[in-house]
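Step one of this worksheet: look at the structure below.
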Amino acid sequence: MNVVVCVKQIPDPADPGALDPESKTLKRDGKLILDESDSYGVEMALQLAGDSGEVTLVSMAPNGEVSGLRTALAMGAAKAVLVSDDALKGSDALTTAKVLAKAIERAGSYDLILAATESSDGYTGTVPEQIAEVLGLPSVTFAKAVTIDGTTVKVDRQTEAGYDEVTCPLPALVSVTAGVVEPRYPSFKGIMAAKSKPVDQVTVADLGLDAANVGWAGAGQEIIEVAQAEARQAGEVIEDDGEAFNRVVGFLSDLKII
Amino acid sequence: MKFTDEHDQFRSAIRDLVEREINPHCDTWEADGIFPAHDLFAKLGQVGVLGIEYDQAYGGQGADHSFTLVMGEEIGRCHSGGVAMAISVQTDMATPALARFGSHELKQRYLAPAMAGEMVAAIAVTEPDAGSDVAGLRTKAVRDGDEWVINGTKLYITNGTQADWLCLLARTSDEGGARGMSQIVVPTDAEGFSVSRKLDKLGQRSSDTAELSFVDVRVPVDNTIGEAGRGFQQQMAQFQNERLIANYMSAANMRLALDRTIAYVKQRRAFGKTLADQQWIQYKLAEVIAEVDVVTHYNHACAEAVVAGADPFTVAKMASIGKLKCGRLNREVADLAMQFHGGIGYMEETWTARYFRDSRLISIGGGADEVMLRIIAQLEGISGDPR
């Protein structure tokens, strides 16, 4: 089976970047890395595709950046489509979804599309479902387990109460959580092989999209203000009088952790 | 050193592995006095860490030495010097001679599984009366038909209780001194081999270090690595790998310790301001950062020399200079890290305590500082040129 994985290349969280004061968006001029939350989708795709299928990556990034894609290719993905175009700067979530949907169509035939539930830098958490809508596909979110059964995909969908068992016809789009599989480490041989794997770099025009409808020009949303998050309130200190465990259990129970 | 995207990717993969597979377990492994070498090495083998420069025909990566530098710098970031040391024994101390001089059959049988992480290897050179002075060793292998019969004792052997095979250096003739030694692969399931005791060390406590006993241990003469009688020379070449990897790990470890110390002094307040606001702290840290930066770049120059095919004497001198400086500087950094942490730094719960213990070894193991000075003096022609 062939699987497409949407991957985002983000500034290294270990060396956090800055916001552009004018656009109030994250500066993405430097080297970008594979969003860790996407490594789970890549691993899941590799396991589902097996030896007979193929994993294709789609990504949208400035300056023809491929470092993050190379990591996913080193893990074992076969090829990638990268959309890189100055006109895309300022694209909102819906525009990103429309662009990625076009890139997926360009990537060739597929049975399944995987994505993370949200990126680690933007956190809109809406792009996967928007892609599914644009492509007219069913989507299942928050997968903590994914299996294929003939022409359907079976998903254990994480919920606050536990998980739902969802069956969905293929092709479909599934967003996966960090618990879905343990991603492999790229091996030395994988890293070297990734050098020669094809990355199809395309522009907005190559995808048949109008530059006037993407980026800042096409954004349906605007960032009005960026403010510091409120400092976290000090926690509650529970003195143990021999019954403190009851209050800890109650606290965790209120949070629905237990 | 100019690092490519591939170097960066390899670095990132090893860093992730260290942070996910090693660092979370270090406290347990330190307390246990051992780490699960077979489990961990299998993971390292899958990433290609255990045979970076070795022949692809046996499962190696066929890469150049610059990738060994990257590996050393990342493994050096382990939160336990014992685990880092054990890995480097597998990659750069017990296996280089086998990869360089071993027969096809020996490499298939012992090198390939060591690179895959299926077998754990140890280097058995040091003896109770022969440490840095390797020429003084007494363990003997006497030929009996197609077999060596080995008798003797080896001491301070890293991976000693978990090893599947040893790269043993033994006397195979009565010539004495540096002559008449051979390197022999000894499987640890051979009859007559035993672990006499697991040793209790000051530092590197997560690594099992052992005293090994050989009583009429019989192994095929075909287990000889390279040429019989050339063991000392082959081991001296192997020592260069050992010193280089130790230097790479040490410099990265020092930088990590400084970064962790900087983070601490920025948040620790005393006398109305942070420690980082005190000029003495700023200048002292800046001074040591400068020195660590210098040895880091010296290591890179060293790796470049190896990649460029520098002659063995140049590499030996650079490796010895690097090890001397890394060893001494590591002791200084460990002392400074503990001093700037104050009381909490003296506590076992703080990383500084383990680092203080672990940092001491590099000036002793793989040839003590005094041996490095001797080599440098010889190669500079001060005390007689060994060439």
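So you can find residues: chains in the structure tokens are A, B, ... in the order shown, residues in each start at 1, and ligands are numbered from 1 in order.
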
Q) Excluding same-chain residues fewer than 4 positions from Ser119 of chain A, what lies within 10 Å of it counting only C-alpha atoms, as a list of chain:residue names? A) A:Val7, A:Lys8, A:Gln9, A:Ile10, A:Asp35, A:Glu36, A:Ser37, A:Asp38, A:Ala115, A:Tyr123, A:Thr124, A:Gly125, A:Thr126, A:Val127

Give me a file of those residues, with N, CA, C and O atoms, as a CSV table (one decimal), in the first residue's frame.
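So the final result, stored in selection_33.csv, reads:
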```
chain,number,residue,atom,x,y,z
A,7,VAL,N,4.5,16.3,6.2
A,7,VAL,CA,5.5,16.6,7.2
A,7,VAL,C,5.8,18.1,7.2
A,7,VAL,O,5.9,18.7,6.1
A,8,LYS,N,6.1,18.6,8.4
A,8,LYS,CA,6.4,20.0,8.5
A,8,LYS,C,7.9,20.1,8.9
A,8,LYS,O,8.4,19.4,9.7
A,9,GLN,N,8.6,21.1,8.3
A,9,GLN,CA,9.9,21.4,8.7
A,9,GLN,C,9.9,22.7,9.5
A,9,GLN,O,9.4,23.7,9.0
A,10,ILE,N,10.4,22.6,10.7
A,10,ILE,CA,10.3,23.7,11.6
A,10,ILE,C,11.7,24.2,12.2
A,10,ILE,O,12.6,23.4,12.1
A,35,ASP,N,9.7,18.2,12.1
A,35,ASP,CA,8.9,18.3,13.3
A,35,ASP,C,8.8,16.9,13.9
A,35,ASP,O,8.4,16.0,13.3
A,36,GLU,N,9.2,16.9,15.2
A,36,GLU,CA,9.2,15.6,15.9
A,36,GLU,C,7.9,14.9,15.8
A,36,GLU,O,7.7,13.7,15.7
A,37,SER,N,6.8,15.7,15.9
A,37,SER,CA,5.5,15.1,15.9
A,37,SER,C,5.2,14.4,14.6
A,37,SER,O,4.3,13.6,14.5
A,38,ASP,N,5.9,14.8,13.5
A,38,ASP,CA,5.7,14.1,12.2
A,38,ASP,C,6.5,12.8,12.1
A,38,ASP,O,6.2,12.0,11.2
A,115,ALA,N,-0.9,12.3,8.9
A,115,ALA,CA,-0.4,13.6,9.3
A,115,ALA,C,-0.3,13.6,10.9
A,115,ALA,O,-1.0,12.8,11.5
A,123,TYR,N,0.7,24.9,15.8
A,123,TYR,CA,-0.3,24.4,16.7
A,123,TYR,C,-1.8,24.7,16.3
A,123,TYR,O,-2.6,24.8,17.2
A,124,THR,N,-2.0,25.0,15.0
A,124,THR,CA,-3.5,25.3,14.7
A,124,THR,C,-4.3,24.0,14.8
A,124,THR,O,-5.4,24.0,15.2
A,125,GLY,N,-3.6,22.8,14.5
A,125,GLY,CA,-4.3,21.6,14.6
A,125,GLY,C,-5.5,21.4,13.7
A,125,GLY,O,-6.4,20.6,14.0
A,126,THR,N,-5.5,22.1,12.6
A,126,THR,CA,-6.7,22.0,11.7
A,126,THR,C,-6.3,21.6,10.3
A,126,THR,O,-7.2,21.2,9.6
A,127,VAL,N,-5.1,21.7,10.0
A,127,VAL,CA,-4.6,21.4,8.6
A,127,VAL,C,-5.0,20.0,8.1
A,127,VAL,O,-5.6,19.8,7.0
```

Q. What residues in chain A lie within 10 Å of chain B, counting only C-alpha atoms, written as number ranges by chain?
A. A: 33, 67-68, 70-71, 74, 184-192, 194-195

Q: Name the closest residue to Tyr40 of chain A among the candidates A:Thr95, A:Ser52, A:Ser59, A:Thr117; distances are taken between atoms, counting only C-alpha atoms.
A: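 Of the candidates, the smallest distance to Tyr40 of chain A is held by A:Thr117.
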
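Minimum atom-to-atom distances from B:Glu73, B:Asp200, B:Asp216, B:Asp32 to Ala141 of chain B were compared using only C-alpha atoms, and the lowest value belongs to B:Asp216.
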